Amino acid sequence: MPKIEVNKEFCKSCGLCTVQCPKKIIKIGSEVNSKGYNIAEQTDESQCTGCKLCAIVCPDTAITVYK
Amino acid sequence: MSKEFIKGNEAMAEAAVRGGCRFFAGYPITPQNDIPEYLSKRLFEVGGTFIQGESEIASINMVYGVAATGVRSMTSSSSPGLALKSEGISFIAGSRIPAVIINVARGGPALGTIQGAQQDYFASAKAIAPGGFRCFVVSPSTVQEAADLVYEAFEIADKYRTPVYVLTDGVIGNMMEIVELPPMRDPEEMLSSDAWRITKYNDDSSARQFSTYRPTGEMLTVDNIAMAELYEEWQEKEQRWEAFMMEDAEVVLTAYGSAGRIAKSAVKELRAQGIKAGLIRPITLFPFPNKAYENINYDKIDKIFVVEMSIPPQFVYDVELATKSQLDYININTSGGVIVETESIVDKVKESM
Amino acid sequence: MEKIYERPSFTSPAIGMGFCPGCSHSTAHKLMAQALDKYGLRDKAVLIYPVGCGGLGKDWVRLNNIVALHGRAAAVGTAIKKCNPENIVISYQGDGDLAAIGMAETMHAANRGENLTVIFINNTNFGMTGGQMAPTTLLGQRTTTSPDGRDIERHGAPFKMAELIAELDAPKFVGRFALHDAKNVIKAQAAIDKAIRMQVEGKGYSFVELISLCPTNWKLNPVDSAKRVEKEILKEYPLGIFKDFE
Ligand code: SF4
Ligand code: SF4
């Protein structure tokens, strides 16, 4: 099953992945990293297709995609 | 060793090649044009690279880049061109990159005149650009010395990782003299740049970098203390001058560069007329050869004749510092663009005795 | 489970890039690093950094780099490449650096057809100094030095650098791409890969303009910044390949 992993320290809460994901399964979560950014999280792993678009748009290469 | 009857600018260019220079970038400006013209052919014969930059600024930046890859690099220009290069020189100094810069100076300010001049003393020895850094500054009096200093400049630059600045003018640049050119330096003898050149990749996690921006004053302080220590080291070890007929001198002249050569003729003429004259001729302008002036017999000597092709005078301030303001300073000046004459020096000395 | 997208090896695993959230400098760095990793060129690369936000990248990349004087990266790159042809030289510049103070160096390096890769971040303002008008600022765009909006009578029209450079004879690959969504990032990636490959093959000068987000100085959040690119900027700056020698 495809899924993503967000590197908590690299995420800057920019939100670009949230609008990019075709399945709309990424949102900015409530967890905050050491720099004070709310970290993006995948809300429903089961719908992830592994399309990588979130990782590709992420400026900070915070997202690793698994398939 | 080969002897040649050669023009100052070409002698410096050839000496650079023999000293290991393999990159030159420059922009046309009189009176230094023979240097790029000569090197545009010569460098390719030795596997080097020549670029006529689109500007003075581009040229000094090309030198900055190539010098950071460990290739012995040089640029040359003339006074207004040096003003344009000054920011680049500050980056080279701030990054601790070796390079050689020749200023075949002209009379200023601004466009001024293309004739021989010494109006760039402050701008070379004191403040090439903002930031309080210095270059290692040398100034030759003959074509032979010009060739020798350029040849050695590359060694000094590598040894201290500093820009070396050769201050000369159209008098030396355009004069032809018989010169014994130094031998072609063997690359094996040159100091290796492997420890720092930007083109060598560290296999560990640390990349190599040249950057002069320091986010904090504390970080800058570390660099600037190192810079100050470097200059102290030069003051201790690298002061150079010629003391000509100073042993028994009762009349002391001082001058550097092209004026130094004319002052030397004046000393000879004064001696011929029975006046015991001597000359202190600084070869390094930074570090300034203070030690040369310590040898003056201050019990017997109460004045010094300072010959300089600059109005207002500039060099005299360093002479005054070196002699701790103990003397009368008699300026013999012409404006940049007007070559000071032996007779006028002789007359002035006799008048003031 | 197989990793199908991961971080290139260009920054230390401990620190990320320090650019603002959503800033395309981060994206552009990622693409450069991915291209260098793809061809195994990390140890050959010399990045020429500009003065401006882009230059901050020096603190986070593990690639050899030198910060040029403001605007002079193309001159520095020209000379480094000429004397060290085995190195891969990338001149990475912003719009103030490349198109304002460095216009002469930019155009002359392009016109000489130096075997260089120039990556041009066009975010329509001077970012580091706080959002002043750049040569690329859009007509009508308000900046700290064009408070009433850029006006063609007062300030002239925006410079279209990719088109300008494509007009010269020597450049071999010139194009404009964008970084505001995944589809465009994929195209930009292909362009950067190609530009670097062409340098390896000695094919000559390439110029990759990247329409970039500057959420901080645009005073928009990153998502709205991406919308601004789509709605406003791409109307003024059409994307595409303007010259391709291959
Ligand atoms: S890989 Fe595709 S589907 Fe999965 S989270 Fe990322 S964008 Fe969404
Ligand atoms: S795109 Fe990257 S940095 Fe931005 S919110 Fe998503 S994971 Fe975080």
# chains A, B, ... in the order shown; residues from 1 in each chain; ligands from 1

$ residues_around --residues "range 118-133 of chain C" --least-positions-apart "3" --cutoff "7 Å" --atoms "only C-alpha atoms" --output "VMD selection string"
chain C and resid 52 to 53 90 to 96 136 to 138 143 to 146 206 to 214 217

$ interface_residues --of "chain C" --to "chain A" --cutoff "12 Å" --atoms "only C-alpha atoms" --output "PyMOL selection string"
chain C and resi 1-31+33-34+60+178-189+212-216+220-227

$ select_by_dssp --residues "range 134-217 of chain C" --states "alpha helix (DSSP H)" --output "PyMOL selection string"
chain C and resi 152-155+161-166+182-200+215-217

$ write_last_selection --atoms "N, CA, C and O atoms" --output "CSV table (one decimal), in the first residue's frame"
chain,number,residue,atom,x,y,z
C,152,ILE,N,4.6,51.6,-16.7
C,152,ILE,CA,5.5,51.5,-17.9
C,152,ILE,C,6.2,52.8,-18.2
C,152,ILE,O,7.3,52.9,-18.7
C,153,GLU,N,5.5,54.0,-18.0
C,153,GLU,CA,6.1,55.3,-18.3
C,153,GLU,C,7.2,55.6,-17.3
C,153,GLU,O,8.3,56.1,-17.7
C,154,ARG,N,7.0,55.2,-16.1
C,154,ARG,CA,8.1,55.6,-15.1
C,154,ARG,C,9.2,54.6,-15.0
C,154,ARG,O,10.3,54.9,-14.7
C,155,HIS,N,8.8,53.3,-15.1
C,155,HIS,CA,9.8,52.2,-14.8
C,155,HIS,C,10.2,51.4,-16.0
C,155,HIS,O,11.0,50.5,-15.9
C,161,MET,N,13.8,37.8,-19.7
C,161,MET,CA,15.2,37.4,-19.9
C,161,MET,C,15.3,36.2,-20.8
C,161,MET,O,16.2,36.1,-21.7
C,162,ALA,N,14.4,35.2,-20.6
C,162,ALA,CA,14.6,34.0,-21.5
C,162,ALA,C,14.4,34.4,-23.0
C,162,ALA,O,15.2,33.9,-23.8
C,163,GLU,N,13.4,35.2,-23.3
C,163,GLU,CA,13.2,35.6,-24.7
C,163,GLU,C,14.4,36.4,-25.2
C,163,GLU,O,14.9,36.2,-26.3
C,164,LEU,N,14.9,37.3,-24.3
C,164,LEU,CA,16.1,38.1,-24.7
C,164,LEU,C,17.3,37.2,-25.0
C,164,LEU,O,18.0,37.4,-26.0
C,165,ILE,N,17.5,36.3,-24.2
C,165,ILE,CA,18.7,35.4,-24.4
C,165,ILE,C,18.5,34.5,-25.5
C,165,ILE,O,19.5,34.2,-26.3
C,166,ALA,N,17.3,34.1,-25.8
C,166,ALA,CA,17.0,33.2,-26.9
C,166,ALA,C,17.3,33.9,-28.2
C,166,ALA,O,17.5,33.2,-29.3
C,182,ALA,N,3.0,20.7,-9.1
C,182,ALA,CA,3.8,19.5,-9.4
C,182,ALA,C,4.0,19.3,-10.9
C,182,ALA,O,5.1,18.9,-11.4
C,183,LYS,N,3.0,19.6,-11.7
C,183,LYS,CA,3.1,19.4,-13.2
C,183,LYS,C,4.2,20.3,-13.7
C,183,LYS,O,5.0,19.8,-14.5
C,184,ASN,N,4.3,21.5,-13.2
C,184,ASN,CA,5.4,22.4,-13.7
C,184,ASN,C,6.7,22.1,-13.1
C,184,ASN,O,7.7,22.2,-13.8
C,185,VAL,N,6.7,21.6,-11.9
C,185,VAL,CA,8.0,21.2,-11.3
C,185,VAL,C,8.6,20.0,-12.1
C,185,VAL,O,9.8,20.0,-12.3
C,186,ILE,N,7.8,19.1,-12.6
C,186,ILE,CA,8.3,18.0,-13.4
C,186,ILE,C,8.9,18.5,-14.7
C,186,ILE,O,10.0,18.1,-15.1
C,187,LYS,N,8.3,19.5,-15.3
C,187,LYS,CA,8.9,20.1,-16.5
C,187,LYS,C,10.2,20.8,-16.2
C,187,LYS,O,11.2,20.8,-17.0
C,188,ALA,N,10.2,21.5,-15.1
C,188,ALA,CA,11.4,22.3,-14.7
C,188,ALA,C,12.5,21.3,-14.4
C,188,ALA,O,13.7,21.5,-14.8
C,189,GLN,N,12.2,20.2,-13.8
C,189,GLN,CA,13.2,19.2,-13.5
C,189,GLN,C,13.8,18.6,-14.8
C,189,GLN,O,15.0,18.5,-14.9
C,190,ALA,N,12.9,18.4,-15.8
C,190,ALA,CA,13.4,17.8,-17.1
C,190,ALA,C,14.4,18.9,-17.7
C,190,ALA,O,15.4,18.5,-18.3
C,191,ALA,N,14.0,20.1,-17.6
C,191,ALA,CA,14.8,21.2,-18.2
C,191,ALA,C,16.2,21.3,-17.5
C,191,ALA,O,17.2,21.4,-18.2
C,192,ILE,N,16.2,21.2,-16.2
C,192,ILE,CA,17.5,21.3,-15.4
C,192,ILE,C,18.3,20.1,-15.7
C,192,ILE,O,19.5,20.2,-16.0
C,193,ASP,N,17.7,18.9,-15.8
C,193,ASP,CA,18.4,17.7,-16.1
C,193,ASP,C,19.1,17.9,-17.5
C,193,ASP,O,20.3,17.6,-17.6
C,194,LYS,N,18.3,18.4,-18.4
C,194,LYS,CA,18.8,18.5,-19.8
C,194,LYS,C,20.0,19.5,-19.8
C,194,LYS,O,21.0,19.3,-20.5
C,195,ALA,N,19.8,20.7,-19.1
C,195,ALA,CA,20.8,21.7,-19.2
C,195,ALA,C,22.1,21.2,-18.6
C,195,ALA,O,23.2,21.5,-19.1
C,196,ILE,N,22.0,20.4,-17.5
C,196,ILE,CA,23.3,19.9,-16.9
C,196,ILE,C,23.9,18.8,-17.8
C,196,ILE,O,25.1,18.8,-18.0
C,197,ARG,N,23.0,18.0,-18.4
C,197,ARG,CA,23.6,17.0,-19.3
C,197,ARG,C,24.3,17.6,-20.5
C,197,ARG,O,25.3,17.2,-20.9
C,198,MET,N,23.7,18.7,-21.0
C,198,MET,CA,24.3,19.4,-22.2
C,198,MET,C,25.6,20.0,-21.8
C,198,MET,O,26.6,19.9,-22.6
C,199,GLN,N,25.8,20.4,-20.6
C,199,GLN,CA,27.1,20.9,-20.1
C,199,GLN,C,28.1,19.8,-20.1
C,199,GLN,O,29.2,19.9,-20.6
C,200,VAL,N,27.7,18.7,-19.6
C,200,VAL,CA,28.6,17.5,-19.5
C,200,VAL,C,29.0,17.1,-20.9
C,200,VAL,O,30.2,16.8,-21.1
C,215,PRO,N,6.5,34.1,-1.3
C,215,PRO,CA,5.3,34.4,-0.4
C,215,PRO,C,5.5,35.5,0.6
C,215,PRO,O,4.6,36.3,0.8
C,216,THR,N,6.7,35.5,1.1
C,216,THR,CA,7.0,36.5,2.2
C,216,THR,C,6.8,38.0,1.6
C,216,THR,O,6.1,38.8,2.2
C,217,ASN,N,7.5,38.2,0.5
C,217,ASN,CA,7.5,39.6,0.0
C,217,ASN,C,6.2,39.9,-0.8
C,217,ASN,O,5.9,41.0,-1.0

$ interface_residues --of "chain C" --to "chain B" --cutoff "6 Å" --atoms "only C-alpha atoms" --output "number ranges by chain"
C: 43, 62-67, 75-76, 79-80

$ residues_around --residues "range 295-312 of chain B" --least-positions-apart "5" --cutoff "10 Å" --atoms "only C-alpha atoms" --output "number ranges by chain"
B: 107-108, 116-121, 243, 246-260, 262-263, 279-280, 290, 319-320, 323, 326-340, 345, 348-349, 352-353

$ write_last_selection --atoms "C-alpha atoms" --output "compact mmCIF listing (two decimals), in the first residue's frame"
# COMPACT_ATOMS: atom_id res chain seq x y z
CA GLY B 107 46.92 60.81 -13.37
CA GLY B 108 43.63 61.34 -11.57
CA GLY B 116 52.94 58.69 -15.65
CA ALA B 117 51.55 59.55 -12.23
CA GLN B 118 51.50 58.61 -8.57
CA GLN B 119 48.05 59.82 -7.69
CA ASP B 120 46.95 56.32 -6.61
CA TYR B 121 49.05 55.97 -3.47
CA ALA B 243 68.87 52.43 0.60
CA MET B 246 72.68 56.31 2.63
CA GLU B 247 75.80 55.28 4.62
CA ASP B 248 77.30 58.75 4.72
CA ALA B 249 74.31 60.75 3.52
CA GLU B 250 73.90 64.25 4.87
CA VAL B 251 70.90 65.01 2.67
CA VAL B 252 68.12 62.43 2.51
CA LEU B 253 65.64 62.03 -0.30
CA THR B 254 62.82 59.55 -0.38
CA ALA B 255 60.62 58.44 -3.27
CA TYR B 256 59.09 55.24 -4.64
CA GLY B 257 58.28 53.82 -8.07
CA SER B 258 59.03 55.95 -11.10
CA ALA B 259 59.77 59.02 -8.95
CA GLY B 260 62.22 56.81 -7.04
CA ILE B 262 64.33 59.96 -10.96
CA ALA B 263 65.27 60.79 -7.36
CA LEU B 279 67.86 57.96 -1.11
CA ILE B 280 65.42 55.72 0.70
CA ASN B 290 59.44 51.77 8.39
CA VAL B 319 57.15 58.96 5.53
CA GLU B 320 56.10 61.19 8.37
CA THR B 323 60.12 59.02 10.84
CA GLN B 326 60.94 64.17 13.74
CA LEU B 327 61.94 65.91 10.51
CA ASP B 328 61.00 68.76 8.26
CA TYR B 329 59.22 67.35 5.25
CA ILE B 330 60.03 69.12 2.04
CA ASN B 331 57.68 68.04 -0.70
CA ILE B 332 58.92 68.01 -4.25
CA ASN B 333 55.78 67.36 -6.21
CA THR B 334 54.49 67.37 -9.67
CA SER B 335 50.92 66.63 -10.50
CA GLY B 336 50.19 63.20 -11.85
CA GLY B 337 50.75 63.43 -15.59
CA VAL B 338 53.85 65.62 -15.25
CA ILE B 339 57.09 63.70 -14.87
CA VAL B 340 59.28 65.16 -12.15
CA ILE B 345 64.91 67.97 -7.60
CA LYS B 348 65.06 72.31 -4.78
CA VAL B 349 67.49 70.37 -2.57
CA SER B 352 66.65 74.23 0.93
CA MET B 353 70.04 73.28 2.30

$ closest_residue --among "A:Ile39, A:Val32, A:Ile25, A:Cys48" --to "ligand 2" --atoms "only C-alpha atoms and all ligand atoms"
A:Ile39

$ atom_distance --atom1 "CA of Leu36 in chain C" --atom2 "CA of Tyr205 in chain C"
17.2 Å

$ atom_distance --atom1 "CA of Ile48 in chain C" --atom2 "CA of Ala73 in chain C"
5.9 Å

$ atom_distance --atom1 "CA of Val51 in chain C" --atom2 "CA of Arg72 in chain C"
9.1 Å

$ select_by_dssp --residues "range 2-60 of chain A" --states "strand (DSSP E)" --output "list in words"
Lys3, Ile4, Glu5, Val6, Ile26, Lys27, Ile28, Gly29, Ser30, Glu31, Val32, Asn38, Ile39, Ala40, Glu41 and Gln42 of chain A

$ write_last_selection --atoms "C-alpha atoms" --output "PDB file, in the first residue's frame"
ATOM      1  CA  LYS A   3       1.960   5.952   1.708  1.00  0.00           C
ATOM      2  CA  ILE A   4       3.904   9.084   2.487  1.00  0.00           C
ATOM      3  CA  GLU A   5       6.123  10.031   5.354  1.00  0.00           C
ATOM      4  CA  VAL A   6       6.617  13.670   6.286  1.00  0.00           C
ATOM      5  CA  ILE A  26      -2.998  15.720   3.281  1.00  0.00           C
ATOM      6  CA  LYS A  27      -3.748  18.433   5.782  1.00  0.00           C
ATOM      7  CA  ILE A  28      -1.756  20.650   8.042  1.00  0.00           C
ATOM      8  CA  GLY A  29      -1.881  18.917  11.392  1.00  0.00           C
ATOM      9  CA  SER A  30      -1.779  20.156  14.941  1.00  0.00           C
ATOM     10  CA  GLU A  31       1.658  18.799  15.728  1.00  0.00           C
ATOM     11  CA  VAL A  32       4.327  21.525  15.775  1.00  0.00           C
ATOM     12  CA  ASN A  38       2.562  22.858  12.092  1.00  0.00           C
ATOM     13  CA  ILE A  39       3.464  19.645  10.326  1.00  0.00           C
ATOM     14  CA  ALA A  40       1.605  18.296   7.297  1.00  0.00           C
ATOM     15  CA  GLU A  41       0.076  14.867   7.772  1.00  0.00           C
ATOM     16  CA  GLN A  42      -1.655  12.236   5.687  1.00  0.00           C
TER      17      GLN A  42
END
